[in-house]
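A quick write-up on the structure given underneath.
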Amino acid sequence: MGGLTYFDFGDDFTFSPDKKKPIYNWFYYKEAFSSGFVEKIIKMLDLKPPFFDPFCGAGTTLLYCKMNGMKSSGLDCNPLSAMVSRVKTRNYEIKILEENLSKILEIKANYNEDKRWGFKFFRPDEVFPRKSLSDFFSLLENIENIEEKREKEFFMTALLSLIPQTSFIFKDGGVLKIDKKKKLMPVKIAFKRKALRMISEASALNGIEPNVFVGDARNFKGFKFSSIITSPPYLNGVDYSKIYGLELNLAGGESEGFLRSFLLSKDMKAVKDAYFDDMEKVLRMFDECLIENGVAAMVVGNSVVGGKMIEVDRILSEMGEKIGFKTYIVVGKERGIRHLGLPDVRESVVVLKK
Ligand SMILES: C[S@@+](CC[C@H](N)C(=O)[O-])C[C@H]1O[C@@H](n2cnc3c(N)ncnc32)[C@H](O)[C@@H]1O
């Protein structure tokens, strides 16, 4: 292993810098890295297309590549993430979007929503105020009736992106909770405003559309890429199978095949073993999908598990060496937890050269 180097990525390992960036901010994905990270890592490592992001989340890598005329592909096991990534990287006919929007806004009053609710953790009336519930489901039905997938997914993303502002749900760390005191926006007004903004920004989207696959990164194969830029789930971080559960449910999808990064087990050794077992499969997939001399840049976070610091970056780097990569670590962020008697928690880019 080539050891540790340091580079200050600032906030680029987070979604924050993209919160106000057109298109990047169409769907709030807290766990995303920002386009600034993609830009910096491409320059730093002189990475070449075609690019691949096998944990593409909200599609940051793919959108950056598209905006810069570079070919890319993405994969996520969550169909909601794959949909959001596709929506942010397609080309649109603005007139067709506008025509669809007028039809979607013709909604029914007092729509009976309850029969199509499939989210098992909360009842509909716990999630939305009554009036919003009727408007939300009436909009949803009109969107579902659009025939063309391109436009249907565009407006579905617009509507689902509003759940944080229009419902009592809030994401507390990795857990969904209800806050009945939350100030909410009316659904119809919020949707119209969001859809109009997305339509006006969509004219900037043209050029190469990436392939976005739904699937499990542990066993993906059949394609070759020059570079991988990605960020798998962090050990003991967010439970991705739950945190976007409501949005996925409303979109009518189901997800499976999540990396075992978050397990409700008290046996921390089992949690750690499962994570590194899965990550070994992921690194073997990198080896399979990269061309000769190809490079992977993977953002990972170290983690305190059962009171012990797990140096995820070092462990994955050593694992990569065993598989045959030349590796090194670029530390991009350190968080002090000396008060707990532990060393700093690092977030790093593990670089693997084939
Ligand atoms: C840290 S997020 C990636 C965020 C992304 N870098 C961005 O900027 O939006 C990790 C993603 O991995 C996905 N994921 C988890 N297990 C997976 C698996 N086995 N195969 C593919 N994707 C997976 C989750 O659904 C989540 O979207």
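Just remember, in the structure tokens the first chain shown is A, the second B, etc., residues are 1-based per chain, and ligands are 1-based in the order shown.
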
Taking the DSSP assignment computed from this structure's backbone, write out as a PyMOL selection string all residues of stretch 21-261 of chain A that belong to alpha helix (DSSP H). chain A and resi 35-45+60-67+79-89+94-104+124-127+130-144+149-160+163-166+187-202+240-243+245-250

Leaving out stretch 141-158 of chain A and any residue of its chain fewer than 5 positions from it, which residues lie within 9 Å of it when counting only C-alpha atoms, given as a list in words?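 Contacts, with the query itself left out: Trp26, Phe27, Leu80, Met83, Val84, Arg86, Val87, Lys88, Arg90, Asn91, Tyr92, Ile96, Leu97, Asn100, Leu101, Lys103, Ile104, Leu105, Glu106, Ile107, Phe136, Phe191, Lys194, Ala195, Met198 and Ala251 of chain A.
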
Neighbours of A:Pro22 within 10 Å (only C-alpha atoms; same-chain residues fewer than 6 positions away dropped), as JSON, numbers by chain? {"A": [197, 198, 200, 201, 202, 204]}

8 Å shell around ligand 1 using only C-alpha atoms and all ligand atoms, listed as a VMD selection string: chain A and resid 15 29 31 to 35 53 to 61 75 to 78 81 214 to 218 230 to 234 240 to 241 257 to 260

For the residues in the current selection, export N, CA and C atoms as a short mmCIF file (atom, residue, chain, number, x, y, z; two decimals), in the first residue's frame.
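Output saved as part.cif:
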data_model
loop_
_atom_site.label_atom_id
_atom_site.label_comp_id
_atom_site.auth_asym_id
_atom_site.auth_seq_id
_atom_site.Cartn_x
_atom_site.Cartn_y
_atom_site.Cartn_z
N PHE A 15 -23.18 16.82 0.07
CA PHE A 15 -24.08 17.37 -0.95
C PHE A 15 -24.14 18.90 -0.88
N TYR A 29 -30.32 14.69 -1.82
CA TYR A 29 -29.77 13.37 -1.47
C TYR A 29 -28.61 13.61 -0.52
N GLU A 31 -26.68 12.00 1.27
CA GLU A 31 -25.49 11.15 1.29
C GLU A 31 -24.61 11.34 0.06
N ALA A 32 -25.00 12.25 -0.83
CA ALA A 32 -24.24 12.43 -2.09
C ALA A 32 -22.95 13.21 -1.85
N PHE A 33 -21.96 13.00 -2.71
CA PHE A 33 -20.84 13.94 -2.76
C PHE A 33 -21.19 15.01 -3.78
N SER A 34 -20.33 16.04 -3.90
CA SER A 34 -20.73 17.15 -4.77
C SER A 34 -19.96 17.10 -6.09
N SER A 35 -20.46 17.88 -7.05
CA SER A 35 -19.81 17.91 -8.37
C SER A 35 -18.37 18.42 -8.26
N ASP A 53 -20.00 4.86 -12.24
CA ASP A 53 -20.27 5.01 -10.80
C ASP A 53 -21.22 3.89 -10.38
N PRO A 54 -20.69 2.83 -9.75
CA PRO A 54 -21.54 1.67 -9.39
C PRO A 54 -22.41 1.88 -8.16
N PHE A 55 -22.28 3.02 -7.46
CA PHE A 55 -23.20 3.37 -6.35
C PHE A 55 -23.67 4.79 -6.66
N CYS A 56 -24.42 4.95 -7.75
CA CYS A 56 -24.55 6.30 -8.33
C CYS A 56 -25.47 7.23 -7.55
N GLY A 57 -26.28 6.73 -6.59
CA GLY A 57 -27.08 7.61 -5.74
C GLY A 57 -27.93 8.56 -6.55
N ALA A 58 -27.72 9.86 -6.34
CA ALA A 58 -28.52 10.86 -7.06
C ALA A 58 -27.85 11.28 -8.37
N GLY A 59 -26.83 10.55 -8.80
CA GLY A 59 -26.29 10.75 -10.15
C GLY A 59 -25.28 11.88 -10.31
N THR A 60 -24.59 12.26 -9.23
CA THR A 60 -23.65 13.39 -9.31
C THR A 60 -22.53 13.14 -10.34
N THR A 61 -21.93 11.96 -10.29
CA THR A 61 -20.84 11.66 -11.24
C THR A 61 -21.37 11.73 -12.67
N LEU A 75 -24.89 2.75 -11.77
CA LEU A 75 -25.62 1.58 -11.25
C LEU A 75 -26.05 1.91 -9.83
N ASP A 76 -27.25 1.52 -9.48
CA ASP A 76 -27.66 1.59 -8.06
C ASP A 76 -28.69 0.49 -7.85
N CYS A 77 -28.68 -0.13 -6.68
CA CYS A 77 -29.65 -1.20 -6.44
C CYS A 77 -31.02 -0.61 -6.08
N ASN A 78 -31.06 0.69 -5.78
CA ASN A 78 -32.34 1.31 -5.44
C ASN A 78 -32.95 1.94 -6.72
N SER A 81 -33.08 5.76 -6.82
CA SER A 81 -31.82 6.44 -7.16
C SER A 81 -31.57 6.37 -8.66
N VAL A 214 -30.19 -0.66 -12.87
CA VAL A 214 -30.60 -1.02 -11.51
C VAL A 214 -29.97 -2.38 -11.24
N GLY A 215 -29.18 -2.49 -10.18
CA GLY A 215 -28.56 -3.78 -9.90
C GLY A 215 -27.61 -3.71 -8.73
N ASP A 216 -27.00 -4.85 -8.46
CA ASP A 216 -26.14 -5.01 -7.28
C ASP A 216 -24.67 -4.91 -7.71
N ALA A 217 -23.98 -3.95 -7.12
CA ALA A 217 -22.58 -3.72 -7.50
C ALA A 217 -21.69 -4.93 -7.19
N ARG A 218 -22.14 -5.81 -6.30
CA ARG A 218 -21.30 -6.96 -5.96
C ARG A 218 -21.18 -7.95 -7.11
N THR A 230 -16.69 6.79 -7.33
CA THR A 230 -17.86 6.29 -6.59
C THR A 230 -17.71 6.47 -5.09
N SER A 231 -18.81 6.22 -4.40
CA SER A 231 -18.81 6.22 -2.94
C SER A 231 -19.81 5.18 -2.45
N PRO A 232 -19.31 4.02 -1.98
CA PRO A 232 -20.24 3.00 -1.47
C PRO A 232 -20.79 3.43 -0.11
N PRO A 233 -21.85 2.77 0.37
CA PRO A 233 -22.34 3.09 1.72
C PRO A 233 -21.21 2.97 2.73
N TYR A 234 -21.20 3.87 3.71
CA TYR A 234 -20.18 3.82 4.77
C TYR A 234 -20.54 2.74 5.79
N TYR A 240 -29.84 2.49 3.85
CA TYR A 240 -30.41 2.93 2.57
C TYR A 240 -31.71 2.21 2.22
N SER A 241 -31.93 1.03 2.81
CA SER A 241 -33.17 0.31 2.48
C SER A 241 -34.37 1.01 3.12
N GLY A 257 -30.83 -6.00 -2.46
CA GLY A 257 -29.42 -6.13 -2.82
C GLY A 257 -28.54 -5.05 -2.24
N PHE A 258 -28.97 -4.39 -1.15
CA PHE A 258 -28.13 -3.36 -0.54
C PHE A 258 -26.88 -4.00 0.08
N LEU A 259 -25.80 -3.31 0.00
CA LEU A 259 -24.57 -3.72 0.68
C LEU A 259 -24.85 -3.86 2.17
N ARG A 260 -24.24 -4.85 2.81
CA ARG A 260 -24.52 -5.05 4.25
C ARG A 260 -23.65 -4.10 5.09
#

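Atom CA of A:Val350 sits 6.2 Å away from atom CA of A:Asp313.
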
So, counting only C-alpha atoms, which residue among A:Pro343, A:Gly307, A:Gly320, A:Pro17 is closest to A:Glu280?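 Using only C-alpha atoms, A:Glu280 sits closest to A:Gly320.
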
Write out as a list in words each polymer residue whose atoms come within 9 Å of A:Pro164, counting only C-alpha atoms; drop sequence neighbours fewer than 6 positions from it.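 Listed by chain and then number, they are Tyr28, Phe170, Lys171 and Leu184 of chain A.
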